[in-house]
Amino acid sequence: MAGKPVRPANAIDQTRRMLSLVTYLRERPGARIEDVARAFGITEDELVSDLDVLPMCGTSFRGGDLLDIDTDGERIWWHNPAALGAEAAEPLRLAADEATALLVAARAVATLPGLRESDRQALLRATAKVETAAGEAAGASARLSVTFESEGGVFADVDRAIAERRRLWIRYYSPARDELSEREIDPIRLVSVGHTYVEAWCRRSEARRTFRLDRVAEIKILDEPSAPPEIELRDLSEALVQPAAEDPEVVVEVGPGGRWVAEYYPHDSADELPDGGLRITLRTPDPASLKRLALRLGRDGRIVAPDDLADSARRAAREALAAYDGAGTAG
């Protein structure tokens, strides 16, 4: 079970999971870590990461009010389950700025397309109670609004499809091929590594694929049930893209200013060069996508192998330079 905690899929996902986790653990004293992780569909490292946060939660920061939850590495123990009992509850007091922030956020979330109707109604009822309790502070929140970008609607549809176990149809933009494609996918989970992604079983490729939400041009929730095959969830703490041994090999040479590539890209080897640079060998299922890396590196690096990719990267660099020179002349 030892290992570095993985990054949570996203704040909404983690919050929902932790709220359910509190109830689950309260009813199962001494629960085994592997059983709890399996029940929640997460890795044991993700569960341990949640357990590190729960002891900082409670009705107040006074002694005995925080959750006293710990683990011996195999089982989970909750030493003060009465901390959240009715006898421990006290009226919640919100400052004006806290009430305003809470109401603005709640109203914004309630407008998300794709939000389950039961969740929307529950949120609206809770919002009305907060408005009543906030009194005059609620007036200030009514003058503020938040609008989610288009990714928010996609997120809501994906989240709903996962909860209802339904298949999705998407039109997806692939920058590596500069094209839109239509796919049917069985969503598995949402993850956040810099951007928000959905990990899914792609029916077109018959393989597990990861799709970035802000590249989804159109999305529909289908009536067909989602039925992804049983696959082991990957540890995404190091990187979202984890190349396979059978993926094509690419060799990149970088100068001192390009050594960061070895920190951000999973690689097989990174050998020192006399000038202080590195010769990096890595694998990728889509070598053409590394042309963007070559353009970004500029004088700090170049693709050495395979030859066709190296030639393609040089042509792309020349075309980019010609376009830049042409724009400068036109101006």
# chains A, B, ... in the order shown; residues from 1 in each chain; ligands from 1
$ residues_around --residues "segment 73-79 of chain A" --least-positions-apart "5" --cutoff "8 Å" --atoms "only C-alpha atoms" --output "VMD selection string"
chain A and resid 1 25 to 26 29 to 34 67 to 68
$ write_last_selection --atoms "all heavy atoms" --output "PDB file, in the first residue's frame"
ATOM      1  N   MET A   1       0.830  -1.210   0.000  1.00  0.00           N
ATOM      2  CA  MET A   1       0.000   0.000   0.000  1.00  0.00           C
ATOM      3  C   MET A   1       0.853   1.243   0.000  1.00  0.00           C
ATOM      4  O   MET A   1       0.389   2.335  -0.294  1.00  0.00           O
ATOM      5  CB  MET A   1      -0.913   0.000   1.223  1.00  0.00           C
ATOM      6  CG  MET A   1      -1.920   1.143   1.239  1.00  0.00           C
ATOM      7  SD  MET A   1      -2.777   1.211   2.800  1.00  0.00           S
ATOM      8  CE  MET A   1      -1.435   1.657   3.897  1.00  0.00           C
ATOM      9  N   LEU A  25     -17.537   4.640   7.001  1.00  0.00           N
ATOM     10  CA  LEU A  25     -16.618   4.231   8.065  1.00  0.00           C
ATOM     11  C   LEU A  25     -17.312   4.185   9.419  1.00  0.00           C
ATOM     12  O   LEU A  25     -16.967   3.370  10.276  1.00  0.00           O
ATOM     13  CB  LEU A  25     -15.424   5.187   8.119  1.00  0.00           C
ATOM     14  CG  LEU A  25     -14.486   5.155   6.910  1.00  0.00           C
ATOM     15  CD1 LEU A  25     -13.374   6.186   7.072  1.00  0.00           C
ATOM     16  CD2 LEU A  25     -13.904   3.762   6.711  1.00  0.00           C
ATOM     17  N   ARG A  26     -18.265   5.077   9.615  1.00  0.00           N
ATOM     18  CA  ARG A  26     -18.974   5.081  10.897  1.00  0.00           C
ATOM     19  C   ARG A  26     -19.741   3.783  11.113  1.00  0.00           C
ATOM     20  O   ARG A  26     -19.869   3.295  12.234  1.00  0.00           O
ATOM     21  CB  ARG A  26     -19.939   6.272  10.934  1.00  0.00           C
ATOM     22  CG  ARG A  26     -20.592   6.485  12.287  1.00  0.00           C
ATOM     23  CD  ARG A  26     -21.376   7.779  12.325  1.00  0.00           C
ATOM     24  NE  ARG A  26     -21.893   8.058  13.642  1.00  0.00           N
ATOM     25  CZ  ARG A  26     -22.534   9.169  13.982  1.00  0.00           C
ATOM     26  NH1 ARG A  26     -22.696  10.113  13.074  1.00  0.00           N
ATOM     27  NH2 ARG A  26     -22.986   9.356  15.196  1.00  0.00           N
ATOM     28  N   PRO A  29     -16.650  -0.138  11.716  1.00  0.00           N
ATOM     29  CA  PRO A  29     -15.412   0.031  12.487  1.00  0.00           C
ATOM     30  C   PRO A  29     -14.397  -1.053  12.141  1.00  0.00           C
ATOM     31  O   PRO A  29     -14.746  -2.224  12.020  1.00  0.00           O
ATOM     32  CB  PRO A  29     -15.886  -0.077  13.944  1.00  0.00           C
ATOM     33  CG  PRO A  29     -17.202  -0.788  13.875  1.00  0.00           C
ATOM     34  CD  PRO A  29     -17.821  -0.398  12.587  1.00  0.00           C
ATOM     35  N   GLY A  30     -13.141  -0.644  11.957  1.00  0.00           N
ATOM     36  CA  GLY A  30     -12.092  -1.604  11.639  1.00  0.00           C
ATOM     37  C   GLY A  30     -12.128  -2.090  10.209  1.00  0.00           C
ATOM     38  O   GLY A  30     -11.564  -3.146   9.899  1.00  0.00           O
ATOM     39  N   ALA A  31     -12.766  -1.324   9.314  1.00  0.00           N
ATOM     40  CA  ALA A  31     -12.861  -1.747   7.910  1.00  0.00           C
ATOM     41  C   ALA A  31     -11.467  -1.893   7.302  1.00  0.00           C
ATOM     42  O   ALA A  31     -10.556  -1.114   7.600  1.00  0.00           O
ATOM     43  CB  ALA A  31     -13.686  -0.741   7.116  1.00  0.00           C
ATOM     44  N   ARG A  32     -11.322  -2.880   6.432  1.00  0.00           N
ATOM     45  CA  ARG A  32     -10.037  -3.103   5.779  1.00  0.00           C
ATOM     46  C   ARG A  32      -9.839  -2.073   4.661  1.00  0.00           C
ATOM     47  O   ARG A  32     -10.777  -1.763   3.915  1.00  0.00           O
ATOM     48  CB  ARG A  32      -9.966  -4.508   5.191  1.00  0.00           C
ATOM     49  CG  ARG A  32     -10.003  -5.619   6.240  1.00  0.00           C
ATOM     50  CD  ARG A  32     -10.028  -6.990   5.583  1.00  0.00           C
ATOM     51  NE  ARG A  32      -8.809  -7.202   4.811  1.00  0.00           N
ATOM     52  CZ  ARG A  32      -7.676  -7.687   5.310  1.00  0.00           C
ATOM     53  NH1 ARG A  32      -7.609  -7.984   6.609  1.00  0.00           N
ATOM     54  NH2 ARG A  32      -6.626  -7.880   4.551  1.00  0.00           N
ATOM     55  N   ILE A  33      -8.631  -1.547   4.537  1.00  0.00           N
ATOM     56  CA  ILE A  33      -8.329  -0.526   3.537  1.00  0.00           C
ATOM     57  C   ILE A  33      -8.646  -1.021   2.133  1.00  0.00           C
ATOM     58  O   ILE A  33      -9.253  -0.317   1.325  1.00  0.00           O
ATOM     59  CB  ILE A  33      -6.857  -0.077   3.653  1.00  0.00           C
ATOM     60  CG1 ILE A  33      -6.682   0.835   4.867  1.00  0.00           C
ATOM     61  CG2 ILE A  33      -6.390   0.636   2.394  1.00  0.00           C
ATOM     62  CD1 ILE A  33      -5.291   1.380   5.044  1.00  0.00           C
ATOM     63  N   GLU A  34      -8.235  -2.244   1.819  1.00  0.00           N
ATOM     64  CA  GLU A  34      -8.448  -2.748   0.462  1.00  0.00           C
ATOM     65  C   GLU A  34      -9.938  -2.890   0.159  1.00  0.00           C
ATOM     66  O   GLU A  34     -10.371  -2.636  -0.984  1.00  0.00           O
ATOM     67  CB  GLU A  34      -7.731  -4.078   0.263  1.00  0.00           C
ATOM     68  CG  GLU A  34      -8.182  -5.192   1.205  1.00  0.00           C
ATOM     69  CD  GLU A  34      -7.436  -6.478   0.945  1.00  0.00           C
ATOM     70  OE1 GLU A  34      -6.831  -6.605  -0.143  1.00  0.00           O
ATOM     71  OE2 GLU A  34      -7.440  -7.367   1.829  1.00  0.00           O
ATOM     72  N   LEU A  67     -12.667  14.847  13.650  1.00  0.00           N
ATOM     73  CA  LEU A  67     -12.769  13.410  13.453  1.00  0.00           C
ATOM     74  C   LEU A  67     -11.453  12.746  13.841  1.00  0.00           C
ATOM     75  O   LEU A  67     -10.392  13.117  13.353  1.00  0.00           O
ATOM     76  CB  LEU A  67     -13.090  13.086  11.989  1.00  0.00           C
ATOM     77  CG  LEU A  67     -14.343  13.760  11.399  1.00  0.00           C
ATOM     78  CD1 LEU A  67     -14.589  13.248   9.998  1.00  0.00           C
ATOM     79  CD2 LEU A  67     -15.555  13.509  12.280  1.00  0.00           C
ATOM     80  N   ASP A  68     -11.537  11.762  14.702  1.00  0.00           N
ATOM     81  CA  ASP A  68     -10.349  11.025  15.148  1.00  0.00           C
ATOM     82  C   ASP A  68     -10.307   9.701  14.390  1.00  0.00           C
ATOM     83  O   ASP A  68     -10.745   8.660  14.878  1.00  0.00           O
ATOM     84  CB  ASP A  68     -10.411  10.795  16.658  1.00  0.00           C
ATOM     85  CG  ASP A  68      -9.121  10.184  17.201  1.00  0.00           C
ATOM     86  OD1 ASP A  68      -8.175  10.022  16.408  1.00  0.00           O
ATOM     87  OD2 ASP A  68      -9.080   9.873  18.398  1.00  0.00           O
TER      88      ASP A  68
END
$ residues_around --residues "Arg208 of chain A" --least-positions-apart "2" --cutoff "12 Å" --atoms "only C-alpha atoms" --output "short mmCIF file (atom, residue, chain, number, x, y, z; two decimals) with N, CA, C and O atoms, in the first residue's frame"
data_model
loop_
_atom_site.label_atom_id
_atom_site.label_comp_id
_atom_site.auth_asym_id
_atom_site.auth_seq_id
_atom_site.Cartn_x
_atom_site.Cartn_y
_atom_site.Cartn_z
N ILE A 185 -18.35 6.32 -26.04
CA ILE A 185 -17.45 5.93 -24.96
C ILE A 185 -18.24 5.51 -23.73
O ILE A 185 -19.35 6.00 -23.48
N ASP A 186 -17.68 4.57 -22.99
CA ASP A 186 -18.22 4.18 -21.68
C ASP A 186 -17.35 4.84 -20.61
O ASP A 186 -16.21 4.42 -20.38
N PRO A 187 -17.84 5.93 -19.99
CA PRO A 187 -17.00 6.66 -19.03
C PRO A 187 -16.69 5.85 -17.79
O PRO A 187 -17.55 5.13 -17.28
N ILE A 188 -15.46 5.97 -17.31
CA ILE A 188 -15.01 5.24 -16.12
C ILE A 188 -14.86 6.18 -14.94
O ILE A 188 -15.39 5.95 -13.86
N ARG A 189 -14.13 7.29 -15.13
CA ARG A 189 -13.94 8.25 -14.04
C ARG A 189 -13.43 9.57 -14.60
O ARG A 189 -12.91 9.64 -15.72
N VAL A 198 -11.77 12.77 -18.89
CA VAL A 198 -12.57 11.59 -18.58
C VAL A 198 -11.81 10.38 -19.11
O VAL A 198 -11.39 10.34 -20.26
N GLU A 199 -11.60 9.43 -18.22
CA GLU A 199 -11.01 8.15 -18.64
C GLU A 199 -12.16 7.24 -19.01
O GLU A 199 -13.13 7.10 -18.24
N ALA A 200 -12.10 6.62 -20.18
CA ALA A 200 -13.25 5.88 -20.69
C ALA A 200 -12.80 4.73 -21.58
O ALA A 200 -11.65 4.66 -22.02
N TRP A 201 -13.75 3.83 -21.82
CA TRP A 201 -13.54 2.77 -22.81
C TRP A 201 -14.12 3.25 -24.12
O TRP A 201 -15.30 3.53 -24.22
N CYS A 202 -13.24 3.39 -25.13
CA CYS A 202 -13.65 3.91 -26.43
C CYS A 202 -14.14 2.76 -27.30
O CYS A 202 -13.39 1.80 -27.56
N ARG A 203 -15.39 2.84 -27.75
CA ARG A 203 -15.97 1.77 -28.55
C ARG A 203 -15.37 1.72 -29.95
O ARG A 203 -15.33 0.65 -30.57
N ARG A 204 -14.89 2.85 -30.45
CA ARG A 204 -14.32 2.86 -31.81
C ARG A 204 -12.96 2.17 -31.84
O ARG A 204 -12.68 1.37 -32.73
N SER A 205 -12.12 2.46 -30.86
CA SER A 205 -10.78 1.88 -30.83
C SER A 205 -10.71 0.59 -30.01
O SER A 205 -9.70 -0.09 -30.03
N GLU A 206 -11.82 0.28 -29.28
CA GLU A 206 -11.84 -0.89 -28.42
C GLU A 206 -10.64 -0.90 -27.47
O GLU A 206 -9.93 -1.90 -27.33
N THR A 210 -8.22 8.45 -22.88
CA THR A 210 -8.43 9.59 -21.99
C THR A 210 -8.74 10.80 -22.85
O THR A 210 -8.00 11.12 -23.78
N PHE A 211 -9.85 11.49 -22.54
CA PHE A 211 -10.31 12.62 -23.34
C PHE A 211 -10.33 13.89 -22.48
O PHE A 211 -10.90 13.89 -21.39
N PRO A 228 -18.05 -0.70 -19.52
CA PRO A 228 -16.62 -0.86 -19.78
C PRO A 228 -16.11 -2.18 -19.22
O PRO A 228 -16.63 -2.65 -18.20
N PRO A 229 -15.14 -2.79 -19.87
CA PRO A 229 -14.60 -4.04 -19.32
C PRO A 229 -13.90 -3.79 -18.00
O PRO A 229 -13.52 -2.66 -17.68
N GLU A 230 -13.73 -4.84 -17.23
CA GLU A 230 -13.03 -4.72 -15.95
C GLU A 230 -11.56 -4.40 -16.20
O GLU A 230 -10.84 -5.21 -16.79
N ILE A 231 -11.14 -3.21 -15.83
CA ILE A 231 -9.75 -2.80 -16.02
C ILE A 231 -9.23 -2.19 -14.74
O ILE A 231 -9.98 -1.58 -13.97
N GLU A 232 -7.95 -2.37 -14.51
CA GLU A 232 -7.34 -1.84 -13.29
C GLU A 232 -7.12 -0.34 -13.43
O GLU A 232 -6.61 0.14 -14.45
N LEU A 233 -7.54 0.42 -12.42
CA LEU A 233 -7.35 1.87 -12.44
C LEU A 233 -5.87 2.19 -12.33
O LEU A 233 -5.16 1.60 -11.52
N ARG A 234 -5.42 3.14 -13.14
CA ARG A 234 -4.00 3.49 -13.15
C ARG A 234 -3.70 4.54 -12.11
O ARG A 234 -4.53 5.38 -11.78
N VAL A 241 -0.36 10.59 -19.16
CA VAL A 241 0.00 9.69 -20.24
C VAL A 241 1.07 8.74 -19.75
O VAL A 241 2.16 9.17 -19.35
N GLN A 242 0.78 7.46 -19.77
CA GLN A 242 1.72 6.45 -19.32
C GLN A 242 1.98 5.49 -20.47
O GLN A 242 1.17 4.62 -20.77
#
$ residues_around --residues "Asp311 of chain A" --least-positions-apart "5" --cutoff "12 Å" --atoms "only C-alpha atoms" --output "list of chain:residue names"
A:Ala288, A:Lys291, A:Ala294, A:Arg302, A:Ile303, A:Val304, A:Ala305, A:Pro306, A:Ala316, A:Ala317, A:Arg318
$ write_last_selection --atoms "N, CA and C atoms" --output "PDB file, in the first residue's frame"
ATOM      1  N   ALA A 288       3.818  11.708 -33.598  1.00  0.00           N
ATOM      2  CA  ALA A 288       3.617  12.985 -34.285  1.00  0.00           C
ATOM      3  C   ALA A 288       3.297  14.110 -33.306  1.00  0.00           C
ATOM      4  N   LYS A 291       5.978  16.736 -32.306  1.00  0.00           N
ATOM      5  CA  LYS A 291       6.407  17.868 -33.140  1.00  0.00           C
ATOM      6  C   LYS A 291       6.188  19.181 -32.409  1.00  0.00           C
ATOM      7  N   ALA A 294       9.065  19.776 -30.182  1.00  0.00           N
ATOM      8  CA  ALA A 294      10.239  20.253 -30.914  1.00  0.00           C
ATOM      9  C   ALA A 294      10.124  21.739 -31.223  1.00  0.00           C
ATOM     10  N   ARG A 302      16.101  19.019 -30.265  1.00  0.00           N
ATOM     11  CA  ARG A 302      15.713  18.500 -31.578  1.00  0.00           C
ATOM     12  C   ARG A 302      15.379  17.023 -31.445  1.00  0.00           C
ATOM     13  N   ILE A 303      14.519  16.557 -32.362  1.00  0.00           N
ATOM     14  CA  ILE A 303      14.202  15.137 -32.434  1.00  0.00           C
ATOM     15  C   ILE A 303      15.260  14.456 -33.286  1.00  0.00           C
ATOM     16  N   VAL A 304      15.851  13.396 -32.767  1.00  0.00           N
ATOM     17  CA  VAL A 304      16.917  12.681 -33.459  1.00  0.00           C
ATOM     18  C   VAL A 304      16.386  11.455 -34.192  1.00  0.00           C
ATOM     19  N   ALA A 305      15.480  10.726 -33.596  1.00  0.00           N
ATOM     20  CA  ALA A 305      14.937   9.510 -34.199  1.00  0.00           C
ATOM     21  C   ALA A 305      13.491   9.327 -33.721  1.00  0.00           C
ATOM     22  N   PRO A 306      12.677   8.703 -34.580  1.00  0.00           N
ATOM     23  CA  PRO A 306      12.968   8.137 -35.894  1.00  0.00           C
ATOM     24  C   PRO A 306      13.165   9.221 -36.956  1.00  0.00           C
ATOM     25  N   ALA A 316       8.050  21.338 -40.103  1.00  0.00           N
ATOM     26  CA  ALA A 316       7.094  22.145 -39.346  1.00  0.00           C
ATOM     27  C   ALA A 316       7.754  23.405 -38.816  1.00  0.00           C
ATOM     28  N   ALA A 317       9.019  23.293 -38.382  1.00  0.00           N
ATOM     29  CA  ALA A 317       9.742  24.467 -37.882  1.00  0.00           C
ATOM     30  C   ALA A 317       9.971  25.477 -38.998  1.00  0.00           C
ATOM     31  N   ARG A 318      10.350  24.980 -40.190  1.00  0.00           N
ATOM     32  CA  ARG A 318      10.576  25.899 -41.318  1.00  0.00           C
ATOM     33  C   ARG A 318       9.278  26.583 -41.726  1.00  0.00           C
TER      34      ARG A 318
END
$ residues_around --residues "segment 272-274 of chain A" --least-positions-apart "5" --cutoff "9 Å" --atoms "only C-alpha atoms" --output "PyMOL selection string"
chain A and resi 253-255+279-280
$ write_last_selection --atoms "all heavy atoms" --output "CSV table (one decimal), in the first residue's frame"
chain,number,residue,atom,x,y,z
A,253,GLU,N,17.2,15.1,-28.3
A,253,GLU,CA,18.4,15.7,-27.7
A,253,GLU,C,18.1,17.1,-27.3
A,253,GLU,O,17.6,17.9,-28.1
A,253,GLU,CB,19.6,15.6,-28.6
A,253,GLU,CG,20.2,14.2,-28.8
A,253,GLU,CD,21.5,14.2,-29.5
A,253,GLU,OE1,21.9,15.3,-30.0
A,253,GLU,OE2,22.1,13.1,-29.7
A,254,VAL,N,18.4,17.5,-26.1
A,254,VAL,CA,18.1,18.8,-25.6
A,254,VAL,C,19.3,19.4,-25.0
A,254,VAL,O,20.2,18.7,-24.5
A,254,VAL,CB,17.0,18.8,-24.5
A,254,VAL,CG1,15.7,18.3,-25.1
A,254,VAL,CG2,17.4,18.0,-23.3
A,255,GLY,N,19.4,20.8,-25.1
A,255,GLY,CA,20.5,21.5,-24.5
A,255,GLY,C,20.2,21.8,-23.0
A,255,GLY,O,19.2,21.3,-22.5
A,279,ARG,N,20.3,13.4,-23.7
A,279,ARG,CA,19.8,12.6,-24.8
A,279,ARG,C,18.7,11.7,-24.2
A,279,ARG,O,19.0,10.8,-23.4
A,279,ARG,CB,20.9,11.7,-25.5
A,279,ARG,CG,20.4,10.9,-26.6
A,279,ARG,CD,21.5,10.0,-27.2
A,279,ARG,NE,21.1,9.1,-28.3
A,279,ARG,CZ,21.1,9.5,-29.5
A,279,ARG,NH1,21.6,10.7,-29.9
A,279,ARG,NH2,20.7,8.6,-30.5
A,280,ILE,N,17.4,12.0,-24.5
A,280,ILE,CA,16.3,11.4,-23.8
A,280,ILE,C,15.6,10.4,-24.8
A,280,ILE,O,15.3,10.7,-25.9
A,280,ILE,CB,15.3,12.5,-23.4
A,280,ILE,CG1,16.0,13.5,-22.5
A,280,ILE,CG2,14.1,11.8,-22.7
A,280,ILE,CD1,15.1,14.7,-22.3
